[in-house]
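File shown: data_4.cif. Contents: mmCIF, C-alpha atoms.
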data_input
loop_
_atom_site.label_atom_id
_atom_site.label_comp_id
_atom_site.auth_asym_id
_atom_site.auth_seq_id
_atom_site.Cartn_x
_atom_site.Cartn_y
_atom_site.Cartn_z
CA MET A 29 135.46 1.34 -1.93
CA ALA A 30 132.34 -0.74 -2.30
CA MET A 31 134.48 -3.67 -3.37
CA LEU A 32 136.54 -3.31 -0.26
CA VAL A 33 133.39 -3.44 1.78
CA ALA A 34 132.30 -6.48 -0.15
CA GLY A 35 135.71 -8.01 0.38
CA ASP A 36 135.37 -7.24 4.04
CA GLU A 37 132.23 -9.31 4.30
CA GLN A 38 133.52 -12.06 2.10
CA ALA A 39 136.82 -12.38 3.88
CA LEU A 40 135.00 -12.59 7.19
CA GLU A 41 132.86 -15.39 5.86
CA VAL A 42 135.84 -17.19 4.35
CA LEU A 43 137.70 -16.96 7.60
CA TYR A 44 134.81 -18.44 9.53
CA GLN A 45 133.90 -21.12 7.02
CA ARG A 46 137.43 -22.37 6.68
CA TYR A 47 138.65 -22.23 10.21
CA ALA A 48 135.85 -22.03 12.74
CA ARG A 49 135.36 -25.78 12.82
CA PRO A 50 138.99 -26.86 13.35
CA VAL A 51 139.60 -24.03 15.81
CA TYR A 52 136.47 -24.88 17.76
CA SER A 53 137.26 -28.60 17.69
CA LEU A 54 140.77 -28.05 19.00
CA ALA A 55 139.52 -25.69 21.68
CA LEU A 56 136.81 -28.15 22.71
CA ARG A 57 139.38 -30.91 23.00
CA ILE A 58 141.48 -28.74 25.28
CA VAL A 59 139.00 -26.87 27.45
CA GLY A 60 136.42 -29.65 27.55
CA ASN A 61 133.16 -27.72 27.34
CA GLU A 62 131.25 -26.02 24.55
CA ALA A 63 130.89 -22.61 26.15
CA ASP A 64 134.58 -22.13 26.83
CA ALA A 65 135.50 -23.67 23.48
CA GLU A 66 133.31 -21.18 21.66
CA GLU A 67 134.84 -18.34 23.64
CA VAL A 68 138.31 -19.49 22.61
CA MET A 69 137.16 -19.82 19.01
CA GLN A 70 135.59 -16.36 18.99
CA ASP A 71 138.67 -14.88 20.60
CA VAL A 72 141.06 -16.49 18.14
CA LEU A 73 139.04 -15.65 15.04
CA GLU A 74 138.64 -12.09 16.22
CA ARG A 75 142.37 -11.80 16.81
CA ALA A 76 143.00 -13.21 13.35
CA TRP A 77 140.51 -10.76 11.88
CA ARG A 78 141.84 -7.71 13.62
CA ARG A 79 145.49 -8.62 13.63
CA ALA A 80 146.03 -10.48 10.42
CA GLU A 81 149.05 -8.29 9.87
CA THR A 82 150.88 -10.24 12.55
CA PHE A 83 150.74 -13.33 10.35
CA ASP A 84 153.97 -13.84 8.44
CA PRO A 85 153.34 -15.94 5.31
CA GLN A 86 157.05 -16.66 5.07
CA ARG A 87 156.82 -18.74 8.18
CA GLY A 88 154.04 -21.08 7.23
CA ARG A 89 150.41 -21.51 6.37
CA PHE A 90 147.65 -19.43 7.77
CA GLY A 91 145.80 -22.46 9.12
CA SER A 92 148.79 -23.60 11.13
CA TRP A 93 149.26 -20.10 12.50
CA LEU A 94 145.61 -19.87 13.46
CA LEU A 95 145.46 -23.30 15.10
CA GLY A 96 148.72 -22.60 16.88
CA MET A 97 147.18 -19.47 18.30
CA ALA A 98 144.06 -21.43 19.25
CA HIS A 99 146.16 -24.02 21.03
CA HIS A 100 147.97 -21.46 23.12
CA VAL A 101 144.86 -19.47 23.93
CA ALA A 102 143.04 -22.61 25.01
CA ILE A 103 145.98 -23.92 27.05
CA ASP A 104 146.34 -20.49 28.57
CA ALA A 105 142.67 -20.61 29.54
CA ILE A 106 142.91 -23.93 31.35
CA ARG A 107 146.16 -22.93 33.01
CA LYS A 108 144.56 -19.80 34.34
CA GLN A 109 141.72 -21.88 35.66
CA LYS A 110 144.27 -23.96 37.50
CA ARG A 111 146.31 -20.87 38.43
CA ARG A 112 149.36 -22.50 36.99
CA PRO A 113 152.17 -20.03 37.57
CA GLN A 114 154.18 -20.57 34.41
CA GLY A 115 151.26 -20.13 32.04
CA ILE A 116 151.97 -18.64 28.66
CA ASP A 117 150.10 -15.40 28.16
CA THR A 118 148.13 -15.06 24.99
CA GLU A 119 150.07 -12.13 23.60
CA THR A 120 153.24 -14.17 23.80
CA ALA A 121 151.38 -17.07 22.32
CA GLU A 122 150.68 -15.13 19.16
CA GLN A 123 154.29 -14.18 18.75
CA VAL A 124 155.45 -17.68 19.49
CA MET A 125 153.15 -19.22 16.99
CA THR A 126 154.48 -17.16 14.14
CA LEU A 127 157.64 -19.15 14.70
CA THR A 128 156.17 -22.61 14.91
CA ALA A 129 155.08 -23.22 11.36
CA ASP A 130 157.75 -23.93 8.82
CA PRO A 131 157.01 -23.99 5.10
CA THR A 132 160.02 -26.13 4.33
CA VAL A 133 158.82 -29.28 6.03
CA ASP A 134 155.24 -29.28 5.03
CA VAL A 135 153.61 -31.78 7.30
CA ALA A 136 151.30 -29.27 8.88
CA ALA A 137 150.54 -27.59 5.59
CA THR A 138 149.16 -30.79 4.12
CA VAL A 139 146.64 -31.41 6.81
CA ILE A 140 144.10 -28.72 6.11
CA GLN A 141 141.74 -31.10 4.39
CA ASN A 142 139.66 -33.32 6.59
CA GLU A 143 141.17 -36.51 5.32
CA GLU A 144 144.56 -35.27 6.36
CA ALA A 145 143.26 -34.51 9.81
CA GLN A 146 141.96 -38.05 9.95
CA ARG A 147 145.33 -39.40 8.99
CA ILE A 148 147.00 -37.44 11.75
CA ARG A 149 144.40 -38.68 14.18
CA ALA A 150 145.03 -42.22 12.98
CA ALA A 151 148.77 -41.79 13.40
CA LEU A 152 148.29 -40.57 16.94
CA GLN A 153 145.95 -43.42 17.74
CA SER A 154 148.36 -45.94 16.28
CA LEU A 155 150.85 -45.19 19.04
CA PRO A 156 151.01 -47.43 22.08
CA ASP A 157 148.45 -46.19 24.59
CA THR A 158 151.05 -44.96 27.04
CA GLN A 159 152.86 -42.90 24.40
CA GLN A 160 149.62 -41.48 23.08
CA GLN A 161 148.49 -40.60 26.58
CA ALA A 162 151.74 -38.83 27.44
CA ILE A 163 151.71 -36.77 24.25
CA GLU A 164 148.04 -35.90 24.62
CA LEU A 165 148.48 -34.82 28.23
CA ALA A 166 151.30 -32.54 27.14
CA PHE A 167 149.62 -31.12 24.07
CA PHE A 168 145.94 -31.01 25.00
CA LYS A 169 146.26 -30.40 28.72
CA GLY A 170 149.40 -28.32 28.77
CA LEU A 171 151.08 -30.52 31.34
CA SER A 172 154.82 -30.66 31.83
CA HIS A 173 156.55 -34.01 32.05
CA LEU A 174 156.68 -33.58 35.83
CA GLU A 175 152.96 -33.06 35.96
CA ILE A 176 152.35 -36.00 33.64
CA ALA A 177 154.45 -38.21 35.88
CA ALA A 178 152.50 -37.02 38.89
CA ALA A 179 149.18 -37.57 37.12
CA THR A 180 149.96 -41.06 35.83
CA GLY A 181 152.13 -42.26 38.68
CA ASP A 182 154.87 -43.23 36.23
CA PRO A 183 158.57 -42.48 36.77
CA LEU A 184 159.76 -39.24 35.21
CA GLY A 185 162.26 -40.96 32.95
CA THR A 186 159.54 -43.24 31.66
CA VAL A 187 157.34 -40.28 30.76
CA LYS A 188 160.18 -38.58 28.89
CA THR A 189 160.96 -41.74 26.98
CA ARG A 190 157.33 -42.29 26.05
CA ILE A 191 156.99 -38.77 24.72
CA ARG A 192 160.21 -38.96 22.77
CA ARG A 193 159.44 -42.34 21.23
CA GLY A 194 155.91 -41.29 20.42
CA MET A 195 157.09 -38.12 18.75
CA GLU A 196 159.69 -40.01 16.75
CA ARG A 197 157.03 -42.42 15.58
CA LEU A 198 154.75 -39.56 14.58
CA LYS A 199 157.53 -37.86 12.62
CA SER A 200 158.10 -41.07 10.74
CA LEU A 201 154.41 -41.71 10.08
CA LEU A 202 153.59 -38.18 9.04
CA SER A 203 156.62 -37.65 6.84
CA ASN A 204 155.90 -40.96 5.08
CA GLU A 205 152.33 -39.92 4.50
CA SER A 206 153.38 -36.52 3.23
CA SER A 207 156.00 -37.87 0.89
CA GLY A 208 153.64 -40.51 -0.39
CA GLU A 209 151.18 -37.98 -1.78
CA MET B 11 180.53 -40.47 9.39
CA ALA B 12 177.87 -38.32 10.95
CA ASP B 13 177.41 -38.39 14.66
CA THR B 14 173.86 -39.64 15.21
CA SER B 15 174.04 -39.85 18.99
CA LEU B 16 171.99 -37.33 20.91
CA ASN B 17 173.27 -35.32 23.77
CA PRO B 18 171.00 -35.10 26.81
CA LEU B 19 169.64 -31.71 25.81
CA GLU B 20 168.74 -32.90 22.32
CA GLU B 21 166.75 -35.67 23.93
CA LEU B 22 164.56 -32.93 25.39
CA ILE B 23 163.77 -31.21 22.12
CA ASP B 24 160.54 -33.11 21.51
CA LEU B 25 159.37 -32.19 24.98
CA TYR B 26 160.42 -28.61 24.38
CA ALA B 27 158.38 -28.45 21.18
CA LEU B 28 155.39 -29.83 23.07
CA GLY B 29 155.82 -27.29 25.83
CA ALA B 30 156.30 -30.10 28.32
CA LEU B 31 159.49 -28.88 29.98
CA GLU B 32 159.90 -26.99 33.19
CA PRO B 33 161.26 -23.44 32.89
CA ASP B 34 164.80 -24.30 33.94
CA GLU B 35 164.97 -27.10 31.39
CA MET B 36 163.54 -24.84 28.71
CA ALA B 37 166.31 -22.36 29.33
CA LEU B 38 168.96 -25.02 28.94
CA VAL B 39 167.45 -26.29 25.71
CA GLU B 40 167.18 -22.80 24.31
CA GLU B 41 170.83 -22.22 25.12
CA HIS B 42 171.74 -25.34 23.24
CA LEU B 43 169.48 -24.43 20.32
CA ALA B 44 171.27 -21.13 19.97
CA GLN B 45 174.56 -22.95 19.52
CA SER B 46 173.60 -26.02 17.53
CA PRO B 47 172.27 -26.04 13.95
CA ARG B 48 171.55 -29.73 14.30
CA ALA B 49 169.41 -29.08 17.36
CA ARG B 50 167.52 -26.37 15.51
CA ALA B 51 166.84 -28.73 12.62
CA MET B 52 165.56 -31.32 15.07
CA LEU B 53 163.31 -28.73 16.62
CA GLU B 54 161.81 -27.80 13.27
CA GLN B 55 160.83 -31.42 12.70
CA SER B 56 159.32 -31.63 16.14
CA LYS B 57 157.37 -28.43 15.58
CA GLN B 58 155.84 -29.83 12.44
CA VAL B 59 154.47 -32.76 14.39
CA VAL B 60 153.19 -30.45 17.10
CA SER B 61 151.49 -28.30 14.47
CA ALA B 62 149.92 -31.39 12.98
CA LEU B 63 148.56 -32.47 16.36
CA ALA B 64 146.36 -29.40 16.35
CA TRP B 65 144.37 -30.96 13.52
CA SER B 66 143.93 -34.31 15.22
CA PRO B 67 140.82 -33.78 17.41
CA GLU B 68 137.48 -35.09 16.23
CA GLN B 69 135.83 -32.32 14.29
CA HIS B 70 132.73 -30.63 15.70
CA ASP B 71 130.61 -27.83 14.34
CA PRO B 72 130.55 -24.71 16.50
CA PRO B 73 127.31 -24.13 18.40
CA ALA B 74 124.31 -22.67 16.61
CA GLY B 75 124.48 -18.92 16.27
CA ALA B 76 128.26 -18.80 16.66
CA TYR B 77 128.75 -17.14 13.29
CA GLU B 78 126.30 -14.39 14.08
CA ARG B 79 127.99 -13.83 17.40
CA PHE B 80 131.31 -13.65 15.59
CA ARG B 81 129.96 -11.09 13.14
CA GLN B 82 128.62 -8.99 15.96
CA ARG B 83 131.90 -9.30 17.79
CA VAL B 84 133.99 -7.95 14.95
CA ALA B 85 131.45 -5.36 13.80
CA PRO B 86 133.17 -1.99 13.80
CA ALA B 87 132.18 0.36 16.53
CA SER B 88 130.64 3.48 15.10
CA ALA B 89 132.68 6.49 16.06
CA GLN B 90 130.47 9.39 15.14
CA PRO B 91 131.47 12.72 16.57
CA GLN B 92 129.10 15.04 18.29
CA ALA B 93 127.47 17.99 16.58
CA ALA B 94 130.03 20.56 15.53
CA PRO B 95 130.64 23.25 18.12
CA ARG B 96 131.86 26.68 17.21
CA LEU B 97 135.62 27.04 17.46
CA ALA B 98 137.62 29.41 19.58
CA MET B 99 140.52 30.13 17.31
CA ALA B 100 144.04 31.41 17.89
CA PRO B 101 147.02 32.03 15.61
CA ALA B 102 149.05 29.01 14.59
CA ALA B 103 151.80 28.03 12.21
CA VAL B 104 150.96 26.46 8.86
CA PRO B 105 153.27 23.55 8.11
CA ALA B 106 153.39 22.10 4.63
CA PRO B 107 151.27 18.97 4.36
CA THR B 108 152.63 15.61 3.27
CA PHE B 109 150.55 13.52 0.89
CA GLY B 110 150.88 9.78 0.45
CA GLN B 111 149.47 8.59 -2.83
CA ARG B 112 149.94 4.97 -1.89
CA LEU B 113 148.17 5.58 1.31
CA ARG B 114 145.23 6.90 -0.63
CA GLN B 115 144.98 3.65 -2.52
CA LEU B 116 145.04 1.74 0.71
CA PHE B 117 142.60 3.91 2.56
CA ALA B 118 139.93 4.44 -0.03
CA PRO B 119 137.50 6.37 2.14
CA GLN B 120 134.61 4.46 3.55
CA GLN B 121 132.85 3.89 6.80
CA ARG B 122 134.71 0.81 7.89
CA TRP B 123 138.39 1.32 7.33
CA GLY B 124 139.59 -0.66 10.28
CA THR B 125 137.96 -3.87 9.30
CA ALA B 126 138.49 -3.23 5.60
CA PHE B 127 142.22 -3.01 6.21
CA ALA B 128 142.07 -6.17 8.27
CA ALA B 129 140.15 -7.77 5.44
CA LEU B 130 142.82 -6.78 2.97
CA LEU B 131 145.51 -8.34 5.10
CA LEU B 132 143.38 -11.37 5.65
CA VAL B 133 142.96 -11.82 1.93
CA ILE B 134 146.72 -11.97 1.66
CA ALA B 135 146.88 -14.45 4.47
CA LEU B 136 144.10 -16.70 3.25
CA GLY B 137 145.32 -16.71 -0.30
CA VAL B 138 141.82 -16.28 -1.64
CA GLY B 139 143.05 -14.56 -4.75
CA GLY B 140 140.81 -14.83 -7.73
CA TRP B 141 137.59 -13.75 -6.16
CA ASN B 142 138.45 -10.11 -6.03
CA LEU B 143 140.82 -8.83 -8.66
CA SER B 144 140.54 -5.33 -7.36
CA LEU B 145 141.81 -6.43 -3.99
CA GLN B 146 144.66 -8.25 -5.65
CA ARG B 147 145.68 -5.10 -7.45
CA GLN B 148 145.67 -3.29 -4.16
CA VAL B 149 147.75 -6.06 -2.62
CA SER B 150 150.20 -5.56 -5.46
CA ASP B 151 150.23 -1.87 -4.75
CA LEU B 152 150.87 -2.63 -1.13
CA THR B 153 153.81 -4.79 -2.02
CA ALA B 154 155.25 -1.96 -4.05
CA SER B 155 154.93 0.36 -1.12
CA ALA B 156 156.30 -1.92 1.53
CA SER B 157 157.67 0.78 3.74
CA GLU B 158 154.39 2.64 3.90
CA TYR B 159 152.61 -0.62 4.43
CA ARG B 160 154.84 -1.47 7.36
CA ALA B 161 154.42 1.98 8.81
CA LEU B 162 150.66 1.75 8.57
CA THR B 163 150.64 -1.78 9.88
CA ALA B 164 152.67 -0.66 12.85
CA LEU B 165 150.31 2.22 13.45
CA LEU B 166 147.24 0.02 13.16
CA SER B 167 148.78 -2.51 15.50
CA GLU B 168 149.17 0.04 18.25
CA PRO B 169 146.44 -0.24 20.88
CA ALA B 170 146.31 3.55 21.14
CA THR B 171 145.48 4.01 17.46
CA ARG B 172 141.94 5.20 16.87
CA LEU B 173 139.74 5.91 13.91
CA VAL B 174 137.79 9.14 14.06
CA ALA B 175 135.14 10.19 11.55
CA LEU B 176 134.89 13.85 10.63
CA THR B 177 131.37 14.86 9.73
CA GLY B 178 129.46 17.95 8.83
CA ALA B 179 125.83 18.51 9.60
CA ASP B 180 125.21 20.56 6.50
CA GLY B 181 127.01 22.69 3.97
CA PRO B 182 129.29 21.75 1.09
CA ALA B 183 130.94 18.84 2.89
CA GLN B 184 127.75 17.07 3.86
CA THR B 185 128.43 14.17 1.52
CA ALA B 186 132.17 14.03 2.13
CA ARG B 187 133.64 10.92 3.72
CA THR B 188 136.52 11.81 5.93
CA GLN B 189 138.35 9.70 8.45
CA LEU B 190 141.29 10.31 10.70
CA LEU B 191 143.56 7.46 11.79
CA ILE B 192 145.35 8.80 14.83
CA ASN B 193 147.73 7.62 17.49
CA PRO B 194 148.16 10.32 20.14
CA GLU B 195 150.98 8.44 21.84
CA ARG B 196 153.04 8.37 18.67
CA HIS B 197 151.90 11.87 17.73
CA GLU B 198 151.03 10.51 14.33
CA ALA B 199 147.90 10.64 12.21
CA TYR B 200 146.60 10.17 8.70
CA LEU B 201 143.61 11.98 7.30
CA VAL B 202 141.87 10.59 4.25
CA THR B 203 138.97 12.34 2.65
CA ALA B 204 136.79 11.92 -0.40
CA GLY B 205 133.80 13.79 -1.72
CA LEU B 206 134.81 17.31 -0.82
CA PRO B 207 133.77 19.80 -3.48
CA ALA B 208 136.52 21.45 -5.52
CA LEU B 209 137.41 24.95 -4.41
CA PRO B 210 138.08 28.01 -6.50
CA ALA B 211 141.75 28.93 -6.95
CA ASN B 212 141.60 31.58 -4.24
CA GLN B 213 140.60 29.12 -1.50
CA SER B 214 142.21 26.15 0.26
CA TYR B 215 141.08 23.45 2.61
CA GLN B 216 142.89 23.61 5.93
CA LEU B 217 143.05 20.99 8.65
CA TRP B 218 143.13 21.95 12.31
CA MET B 219 143.70 20.22 15.57
CA ILE B 220 141.92 21.96 18.42
CA ALA B 221 143.28 20.90 21.79
CA ASP B 222 141.30 22.40 24.65
CA GLY B 223 139.98 25.11 22.41
CA GLN B 224 143.35 26.09 20.92
CA PRO B 225 143.48 25.47 17.17
CA LEU B 226 146.75 24.44 15.58
CA SER B 227 147.04 24.19 11.84
CA MET B 228 147.88 20.73 10.57
CA GLY B 229 148.32 22.07 7.08
CA VAL B 230 146.46 23.04 3.97
CA PHE B 231 145.71 20.39 1.42
CA ALA B 232 144.55 20.11 -2.15
CA LEU B 233 142.25 17.58 -3.74
CA ASP B 234 143.38 15.32 -6.54
CA ALA B 235 141.51 14.92 -9.79
CA GLN B 236 139.10 12.49 -8.15
CA GLY B 237 138.35 14.85 -5.29
CA ASN B 238 140.39 12.86 -2.78
CA ALA B 239 143.12 13.92 -0.42
CA THR B 240 145.44 12.30 2.09
CA VAL B 241 147.28 14.19 4.78
CA GLN B 242 149.99 12.64 6.89
CA MET B 243 150.75 14.25 10.24
CA ALA B 244 153.97 13.06 11.79
CA ASN B 245 154.37 15.49 14.67
CA LEU B 246 151.06 16.06 16.32
CA PRO B 247 151.08 18.49 19.23
CA PRO B 248 150.32 17.10 22.69
CA ALA B 249 146.68 16.22 23.16
CA GLY B 250 144.51 18.15 25.57
CA SER B 251 141.62 17.00 27.65
CA GLN B 252 139.31 17.70 24.70
CA ASN B 253 140.65 17.28 21.20
CA LEU B 254 138.85 18.10 18.01
CA PHE B 255 139.91 17.89 14.40
CA GLY B 256 138.29 20.18 11.92
CA ILE B 257 138.53 21.26 8.29
CA THR B 258 137.83 24.83 7.26
CA ILE B 259 137.81 26.68 3.95
CA GLU B 260 140.45 29.39 4.04
CA PRO B 261 142.02 31.82 1.62
CA ALA B 262 144.48 30.13 -0.73
CA GLY B 263 147.56 29.01 1.16
CA GLY B 264 145.83 28.83 4.50
CA SER B 265 145.36 31.11 7.47
CA ASP B 266 147.13 31.61 10.73
CA GLN B 267 143.82 31.14 12.43
CA PRO B 268 140.52 29.84 11.12
CA THR B 269 138.41 32.45 9.39
CA SER B 270 135.31 30.31 9.04
CA ALA B 271 133.41 27.62 10.87
CA PRO B 272 134.59 24.08 10.20
CA ILE B 273 132.80 22.24 7.45
CA LEU B 274 133.87 18.92 8.96
CA LEU B 275 134.59 18.11 12.57
CA GLY B 276 135.38 15.09 14.68
CA GLU B 277 136.30 14.52 18.28
CA LEU B 278 139.12 12.27 19.40
#

Give the structure from the file, written as structure tokens.
Amino acid sequence: MAMLVAGDEQALEVLYQRYARPVYSLALRIVGNEADAEEVMQDVLERAWRRAETFDPQRGRFGSWLLGMAHHVAIDAIRKQKRRPQGIDTETAEQVMTLTADPTVDVAATVIQNEEAQRIRAALQSLPDTQQQAIELAFFKGLSHLEIAAATGDPLGTVKTRIRRGMERLKSLLSNESSGE
Amino acid sequence: MADTSLNPLEELIDLYALGALEPDEMALVEEHLAQSPRARAMLEQSKQVVSALAWSPEQHDPPAGAYERFRQRVAPASAQPQAAPRLAMAPAAVPAPTFGQRLRQLFAPQQRWGTAFAALLLVIALGVGGWNLSLQRQVSDLTASASEYRALTALLSEPATRLVALTGADGPAQTARTQLLINPERHEAYLVTAGLPALPANQSYQLWMIADGQPLSMGVFALDAQGNATVQMANLPPAGSQNLFGITIEPAGGSDQPTSAPILLGEL
């Protein structure tokens, strides 16, 4: 019993020490201010703490699951701010994210260490600016390709092509980096 | 020779993985994914990149005090019942209790079961084995009792599930630690207790649910060699406006109605 209590405290600390920083950083990148980013972080870590049973280890690493949840919660938050009608609710987000990490292709699983995060950042930044911008607007701002086209003034087909080419380049870069380890 | 050309829907898979499609396009892609193994394989690759993107932002430390706020946020709410009222008792049936030994291992009685259970699951998730062998053994036990584990997980996942402490102001059960995990909507509950004194052979502990003053026996139960007991209740009666759970000491085999004041009591 006492050990369980001790484990309780220790697991809480492990959870925070390992994941608060990446979750907060991702949330800050998406919502754009510290107060909202911390709220997202607190929300996500609390959900992970209270609902760890919803994590399915067969579907990927815990970090990917947690950051996936953070991404959807943060995107959900900014969509609600904008009253975007097709926003993904956070409950759905949790379910969805159990499906997004795949242990068989382990790109995401190799990026828990900081240097791996830097490599992913470098890969993203190595893309042509227009491709990087299109992917970032989709991922960090939750914009659809229609909204990206409206925001940038580019033709819709151009936006689609930029995203697709950028994603293909990232797949190539990240799989090379993973296989080279 | 493999066909490497993409159909128009496969060209949208990267955008789908990024969440950058409109709803009508999403539906079309999902329809295609359901039919095409190749499309599903493409999607898995795209998802890996999307997952990786989550690690790409510049790293920042959370604001000062965030950890303390997190601790406070997840601190378990104390659910202490009020002082034990006297019971108005009426006859009731005495069903046989069901004991779950695995459940006992999982719910070693303590004050913070909810978070302790979450911690146990989190340990599995985090893979922090090595720092607590006892927890690992319990994880192993959990694996062996997968069905009970799933049942408990399902119960704990329900928003209506609550944890109620049964306490006694004085008497023989003063040091007992007794908790009730209950979901009124599913009419399901688990009682776990430790620290109750052993009874002579001519007496039994009996658990009661008192809905609006009407006691219904939830069964008699015995303690194991360590003084622990677990009682599973699968068919709780409908809850009233006021619902109490109490434990009394009755003649061996139980009573149709309580013959003594409860030694432990908690309010749902």

Within 8 Å of file point (138.2, 15.2, 3.0), counting all atoms listed in the file, expressed as a list in words: Ala186, Arg187, Thr188, Gln189, Leu201, Val202, Thr203, Ala204, Gly205, Leu206, Asn238, Ala239 and Thr240 of chain B

With distances taken over only C-alpha atoms, which of B:Tyr26, B:Val84, B:Glu35, B:Ser56 is nearest to Leu73 of chain A?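 Under the stated criterion, the closest residue is B:Val84.
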
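The coordinates place atom CA of Ser15 of chain B at 16.9 Å from atom CA of Gln45 of chain B.
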
Resolved residues for the PyMOL selection byres ((chain B and resi 38) around 12) as a VMD selection string: chain B and resid 18 to 23 26 31 to 37 39 to 45

Coordinates-based distance that separates atom CA of Leu165 of chain A from atom CA of Gly185 of chain A (Å, one decimal): 15.8 Å

For the point (145.3, 24.5, 13.7) in the file's frame, write as a ChimeraX atom specification all residues with an atom no more than 7 Å away, counting all atoms listed in the file. /B:102,217-220,225-228,267

Might you pull out every residue within 12 Å of Arg79 of chain B, with all atoms listed in the file counted and same-chain residues fewer than 4 positions away left off, and present them as a PyMOL selection string? (chain A and resi 44+66-67+69-71+73-74) or (chain B and resi 72-75+83-85)

Distance criterion (only C-alpha atoms): nearest to chain A out of B:Ala62, B:Ala49, B:Ile273, B:Leu16: B:Ala62

If the box runs along x, y and z of the file and leaves 3 Å on each side of segment 248-264 of chain B, what are its centre and edge lengths in Å, one decimal, as JSON?
{"center_x": 144.1, "center_y": 24.0, "center_z": 13.5, "size_x": 18.5, "size_y": 21.6, "size_z": 34.4}

Please determine, counting all atoms listed in the file, which residue among B:Leu191, B:Ala183, B:Ile259, B:Gly250 has the shortest atom-to-atom distance to Gly237 of chain B. B:Ala183

Selection: 10 Å around Asp64 of chain A, only C-alpha atoms, excl. self and same-chain fewer than 3 positions, as an mmCIF file with C-alpha atoms, in the coordinates of the input:
data_model
loop_
_atom_site.group_PDB
_atom_site.id
_atom_site.type_symbol
_atom_site.label_atom_id
_atom_site.label_comp_id
_atom_site.auth_asym_id
_atom_site.auth_seq_id
_atom_site.Cartn_x
_atom_site.Cartn_y
_atom_site.Cartn_z
ATOM 1 C CA TYR A 52 136.470 -24.880 17.760
ATOM 2 C CA ALA A 55 139.520 -25.690 21.680
ATOM 3 C CA LEU A 56 136.810 -28.150 22.710
ATOM 4 C CA ILE A 58 141.480 -28.740 25.280
ATOM 5 C CA VAL A 59 139.000 -26.870 27.450
ATOM 6 C CA GLY A 60 136.420 -29.650 27.550
ATOM 7 C CA ASN A 61 133.160 -27.720 27.340
ATOM 8 C CA GLU A 67 134.840 -18.340 23.640
ATOM 9 C CA VAL A 68 138.310 -19.490 22.610
ATOM 10 C CA MET A 69 137.160 -19.820 19.010
ATOM 11 C CA GLN A 70 135.590 -16.360 18.990
ATOM 12 C CA ALA A 102 143.040 -22.610 25.010
ATOM 13 C CA ALA A 105 142.670 -20.610 29.540
ATOM 14 C CA ILE A 106 142.910 -23.930 31.350
#

Between atom CA of Arg50 of chain B and atom CA of Ala30 of chain B lies a distance of 17.4 Å

Could you list the residues chosen by the PyMOL selection byres ((chain A and resi 198) around 10) in this structure as a PyMOL selection string? (chain A and resi 148+151-152+154-155+192-197+199-204) or (chain B and resi 56+59-60+62-63)

Residues in the PyMOL selection byres ((chain A and resi 53) around 7), expressed as a ChimeraX atom specification: /A:49-52,54-57 /B:67-70
